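Asks: Shown below is the structure under consideration.
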Amino acid sequence: MKPLDQGSIIPLYYQVKQRLEERVQSGEWKPGDKIDSENQLMETFNISRNTAKKAIEEMVQDGLLYRVQGKGTFVAHPKLEQSLGGFYSFSQVLRDKGITPSDIILEVEEVTPNSRIRSGLQLEGEEKVIKMKRIRCADGEPIILESSYMPKSVVVDKKDLFDVKTSSLYDLLAARYGVSVVRAKEAFEPVLIREEESVHLQTEVGKPALLLERTAFDTSNRPVEFCISIVRGDRCRFYTDLV
């Protein structure tokens, strides 16, 4: 790497950051690779520990690096991006990016919905729902912890839902029950990863995440799924085009 310009108005930590970013962007350091330690950076650039530490911390905040306590600092995987400009399926989004989707089914059970779920599904009376809790993975990496609630009138046999390990839920609903999901309404809010979520998503407690609520509708505008998801903030990013 080229030496730092000691006489430049650009702070030394920022120059170090630029050099490190170049190594990531060029592919010299690939996702998952361990980068040079603070001591190595101090020796390479003849800088103080505070300068090396600040350069690394900024790259961690930018999502380019991540730390593992006791092991070092590593290159982060690129975030999965998804436009909010139209209806989408998580499984299909991954396939379109050349990534293999898979699900880990944690539970499938019949439950009594709370008022929030009942309202989302526009249920009347004391109708119960089928709950499916699963971990959504990309190339085997846990990305989303998801709880889907569906009216019993939609899911005839809850055992069918175990097949979503190898097929998308919406494809299964269409193939087994003739229910075609054509649109969805979503709401997002920032949250922090809690203990149970950290175990399932293999990340640290307190890490930023998105709480996503989705109501999916069929061709007759009937709500067929109310879904609550915890999405890892370090692995996903949603965007919209403004025109």
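Residues are referred to by chain and number: the chain letter is A, B, ... according to the order shown in the structure tokens, the number counts from 1 in that chain, and ligands are numbered separately from 1 in the order shown.
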What residues in region 76-149 of chain A get the DSSP label strand (DSSP E)? Please answer as a PyMOL selection string.

Replies: chain A and resi 80-83+101-111+129-138+141-149

Asks: Name all residues at most 12 Å from Cys137 (chain A) (count only C-alpha atoms; drop same-chain ones fewer than 5 positions away) and give them as a count of residues only.

Replies: 26

Asks: Using only C-alpha atoms, which protein or nucleic acid residues come within 10 Å of Pro190 (chain A)? Drop anything in the same chain fewer than 4 positions from it, and give the result as a list in words.

Replies: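 Here the qualifying residues turn out to be Pro208, Ala209, Leu210, Leu211, Leu212, Ile230, Val231 and Gly233 of chain A.
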
Asks: I need the residue nearest Leu173 (chain A) from this list: A:Val243, A:Ala52, A:Val93, A:Val156. Use only C-alpha atoms for the distance.

Replies: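 Answer, going by the shortest atom-to-atom distance: A:Val156.
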
Asks: Could you name the residues that touch Arg118 (chain A) at 12 Å or less, counting only C-alpha atoms, but leaving out those on the same chain fewer than 2 positions away, as JSON, numbers by chain?

Replies: {"A": [111, 112, 113, 114, 115, 116, 120, 121, 122, 123, 124, 125, 126, 127, 128, 129, 149, 150, 151, 215, 223, 224, 225, 226, 227]}

Asks: Store the residues picked out above in a file with N, CA, C and O atoms, as a compact mmCIF listing (two decimals), in the first residue's frame.

Replies:
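This went into out_25.txt:
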```txt
# COMPACT_ATOMS: atom_id res chain seq x y z
N VAL A 111 -52.75 -21.60 17.02
CA VAL A 111 -52.74 -20.69 18.17
C VAL A 111 -53.94 -19.76 18.13
O VAL A 111 -54.59 -19.58 17.08
N THR A 112 -54.23 -19.18 19.28
CA THR A 112 -55.26 -18.14 19.36
C THR A 112 -54.58 -16.79 19.11
O THR A 112 -53.66 -16.41 19.85
N PRO A 113 -54.98 -16.07 18.09
CA PRO A 113 -54.29 -14.82 17.75
C PRO A 113 -54.59 -13.70 18.73
O PRO A 113 -55.70 -13.64 19.29
N ASN A 114 -53.60 -12.83 18.94
CA ASN A 114 -53.87 -11.65 19.75
C ASN A 114 -54.60 -10.61 18.90
O ASN A 114 -54.84 -10.83 17.70
N SER A 115 -54.94 -9.49 19.50
CA SER A 115 -55.75 -8.49 18.80
C SER A 115 -55.01 -7.91 17.59
O SER A 115 -55.64 -7.57 16.57
N ARG A 116 -53.70 -7.79 17.70
CA ARG A 116 -52.89 -7.25 16.60
C ARG A 116 -52.97 -8.15 15.37
O ARG A 116 -53.18 -7.69 14.24
N GLY A 120 -55.00 -7.62 11.75
CA GLY A 120 -54.28 -7.70 10.49
C GLY A 120 -54.91 -8.66 9.51
O GLY A 120 -54.93 -8.41 8.29
N LEU A 121 -55.43 -9.77 10.03
CA LEU A 121 -56.05 -10.78 9.17
C LEU A 121 -57.55 -10.57 9.00
O LEU A 121 -58.22 -11.35 8.31
N GLN A 122 -58.08 -9.52 9.64
CA GLN A 122 -59.51 -9.20 9.56
C GLN A 122 -60.37 -10.39 9.94
O GLN A 122 -61.34 -10.75 9.26
N LEU A 123 -60.02 -11.01 11.07
CA LEU A 123 -60.75 -12.19 11.53
C LEU A 123 -61.97 -11.78 12.35
O LEU A 123 -61.97 -10.76 13.02
N GLU A 124 -62.96 -12.62 12.31
CA GLU A 124 -64.16 -12.41 13.11
C GLU A 124 -64.31 -13.56 14.10
O GLU A 124 -63.83 -14.68 13.86
N GLY A 125 -65.00 -13.31 15.20
CA GLY A 125 -65.24 -14.37 16.17
C GLY A 125 -63.96 -14.84 16.83
O GLY A 125 -63.02 -14.09 17.05
N GLU A 126 -63.92 -16.13 17.16
CA GLU A 126 -62.80 -16.72 17.89
C GLU A 126 -61.95 -17.62 16.99
O GLU A 126 -61.34 -18.58 17.48
N GLU A 127 -61.93 -17.34 15.71
CA GLU A 127 -61.18 -18.19 14.78
C GLU A 127 -59.70 -18.24 15.16
O GLU A 127 -59.07 -17.23 15.43
N LYS A 128 -59.15 -19.46 15.18
CA LYS A 128 -57.73 -19.64 15.44
C LYS A 128 -56.94 -19.52 14.15
O LYS A 128 -57.51 -19.52 13.06
N VAL A 129 -55.62 -19.45 14.30
CA VAL A 129 -54.75 -19.31 13.13
C VAL A 129 -53.63 -20.34 13.22
O VAL A 129 -53.37 -20.93 14.27
N TYR A 149 -48.59 -15.82 10.41
CA TYR A 149 -49.89 -16.25 10.93
C TYR A 149 -50.87 -16.28 9.77
O TYR A 149 -51.03 -15.30 9.04
N MET A 150 -51.56 -17.43 9.60
CA MET A 150 -52.48 -17.62 8.49
C MET A 150 -53.80 -18.18 8.99
O MET A 150 -53.80 -19.04 9.89
N PRO A 151 -54.92 -17.71 8.46
CA PRO A 151 -56.22 -18.25 8.88
C PRO A 151 -56.30 -19.75 8.61
O PRO A 151 -55.75 -20.25 7.63
N THR A 215 -48.65 -7.71 5.72
CA THR A 215 -49.95 -8.33 5.50
C THR A 215 -50.05 -8.64 4.01
O THR A 215 -49.92 -7.73 3.18
N PRO A 223 -56.92 -10.88 3.28
CA PRO A 223 -55.64 -11.09 3.98
C PRO A 223 -55.42 -12.58 4.22
O PRO A 223 -56.27 -13.25 4.82
N VAL A 224 -54.30 -13.11 3.75
CA VAL A 224 -54.03 -14.54 3.90
C VAL A 224 -52.80 -14.81 4.77
O VAL A 224 -52.54 -15.95 5.15
N GLU A 225 -52.05 -13.76 5.08
CA GLU A 225 -50.89 -13.93 5.96
C GLU A 225 -50.61 -12.62 6.68
O GLU A 225 -50.61 -11.55 6.06
N PHE A 226 -50.37 -12.71 7.98
CA PHE A 226 -49.84 -11.58 8.75
C PHE A 226 -48.50 -12.05 9.30
O PHE A 226 -48.43 -13.06 10.01
N CYS A 227 -47.44 -11.33 8.95
CA CYS A 227 -46.09 -11.80 9.23
C CYS A 227 -45.31 -10.76 10.02
O CYS A 227 -45.35 -9.57 9.71
```

Asks: Interatomic distance between CA of Ile9 (chain A) and CA of Val60 (chain A)?

Replies: 23.6 Å

Asks: Which is closest to Val199 (chain A) among A:Tyr88, A:Ile135, A:Ser148, A:Ala175, if we use only C-alpha atoms?

Replies: A:Ile135

Asks: List the spatial neighbours of Gln18 (chain A) as a compact mmCIF listing (two decimals) with N, CA and C atoms, in the first residue's frame - criterion: any atom at most 12 Å away, only C-alpha atoms, same-chain residues fewer than 2 positions off excluded.

Replies:
```txt
# COMPACT_ATOMS: atom_id res chain seq x y z
N MET A 1 0.84 -1.20 0.00
CA MET A 1 0.00 0.00 0.00
C MET A 1 0.87 1.24 0.00
N LYS A 2 0.41 2.26 -0.73
CA LYS A 2 1.19 3.48 -0.80
C LYS A 2 1.20 4.18 0.55
N PRO A 3 2.29 4.87 0.87
CA PRO A 3 2.41 5.52 2.19
C PRO A 3 1.41 6.65 2.35
N LEU A 4 1.20 7.06 3.59
CA LEU A 4 0.31 8.17 3.89
C LEU A 4 1.00 9.49 3.58
N ILE A 10 -6.02 15.97 4.67
CA ILE A 10 -6.88 14.81 4.94
C ILE A 10 -6.34 14.10 6.18
N PRO A 11 -7.16 13.90 7.21
CA PRO A 11 -6.68 13.26 8.45
C PRO A 11 -6.05 11.89 8.17
N LEU A 12 -5.07 11.54 8.99
CA LEU A 12 -4.37 10.27 8.78
C LEU A 12 -5.30 9.07 8.90
N TYR A 13 -6.24 9.11 9.86
CA TYR A 13 -7.13 7.97 10.03
C TYR A 13 -7.96 7.74 8.76
N TYR A 14 -8.35 8.87 8.11
CA TYR A 14 -9.17 8.75 6.90
C TYR A 14 -8.34 8.21 5.74
N GLN A 15 -7.07 8.59 5.68
CA GLN A 15 -6.19 8.04 4.65
C GLN A 15 -6.02 6.53 4.84
N VAL A 16 -5.87 6.11 6.10
CA VAL A 16 -5.76 4.68 6.39
C VAL A 16 -7.06 3.97 5.96
N LEU A 20 -7.53 0.84 3.28
CA LEU A 20 -8.19 -0.42 3.62
C LEU A 20 -9.40 -0.68 2.71
N GLU A 21 -10.15 0.36 2.42
CA GLU A 21 -11.30 0.21 1.52
C GLU A 21 -10.85 -0.25 0.14
N GLU A 22 -9.71 0.24 -0.32
CA GLU A 22 -9.18 -0.17 -1.62
C GLU A 22 -8.89 -1.66 -1.64
N ARG A 23 -8.39 -2.20 -0.53
CA ARG A 23 -8.07 -3.62 -0.47
C ARG A 23 -9.35 -4.47 -0.49
N VAL A 24 -10.41 -3.94 0.11
CA VAL A 24 -11.69 -4.64 0.09
C VAL A 24 -12.31 -4.57 -1.30
N GLN A 25 -12.35 -3.38 -1.88
CA GLN A 25 -13.00 -3.18 -3.17
C GLN A 25 -12.26 -3.88 -4.31
N ALA A 55 -9.80 4.39 12.21
CA ALA A 55 -10.03 3.97 10.82
C ALA A 55 -10.87 2.70 10.79
N ILE A 56 -10.54 1.74 11.65
CA ILE A 56 -11.29 0.48 11.68
C ILE A 56 -12.71 0.70 12.18
N GLU A 58 -14.62 3.29 11.94
CA GLU A 58 -15.47 3.93 10.93
C GLU A 58 -15.92 2.92 9.88
N MET A 59 -15.02 1.98 9.53
CA MET A 59 -15.40 0.97 8.54
C MET A 59 -16.40 -0.02 9.12
N LEU A 64 -18.65 -2.19 6.44
CA LEU A 64 -17.66 -2.86 5.59
C LEU A 64 -16.88 -3.92 6.35
```

Asks: What does the distance from CA of Arg136 (chain A) to CA of Glu195 (chain A) come to in Å, to one decimal?

Replies: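 Separation of CA of Arg136 (chain A) and CA of Glu195 (chain A): 17.8 Å.
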
Asks: Applying 9 Å and only C-alpha atoms, which residues near Gly85 (chain A) remain after dropping the ones on its own chain fewer than 6 positions away? List them as a ChimeraX atom specification.

Replies: /A:239-241

Asks: Tell me, in Å to one decimal, how far CA of Ile130 (chain A) is from CA of Thr203 (chain A).

Replies: 28.0 Å

Asks: Given only C-alpha atoms as the basis, pick out the residue of A:Thr73, A:Ser89, A:Ser180, A:Ser147 nearest to Arg134 (chain A).

Replies: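 Answer, going by the shortest atom-to-atom distance: A:Ser147.
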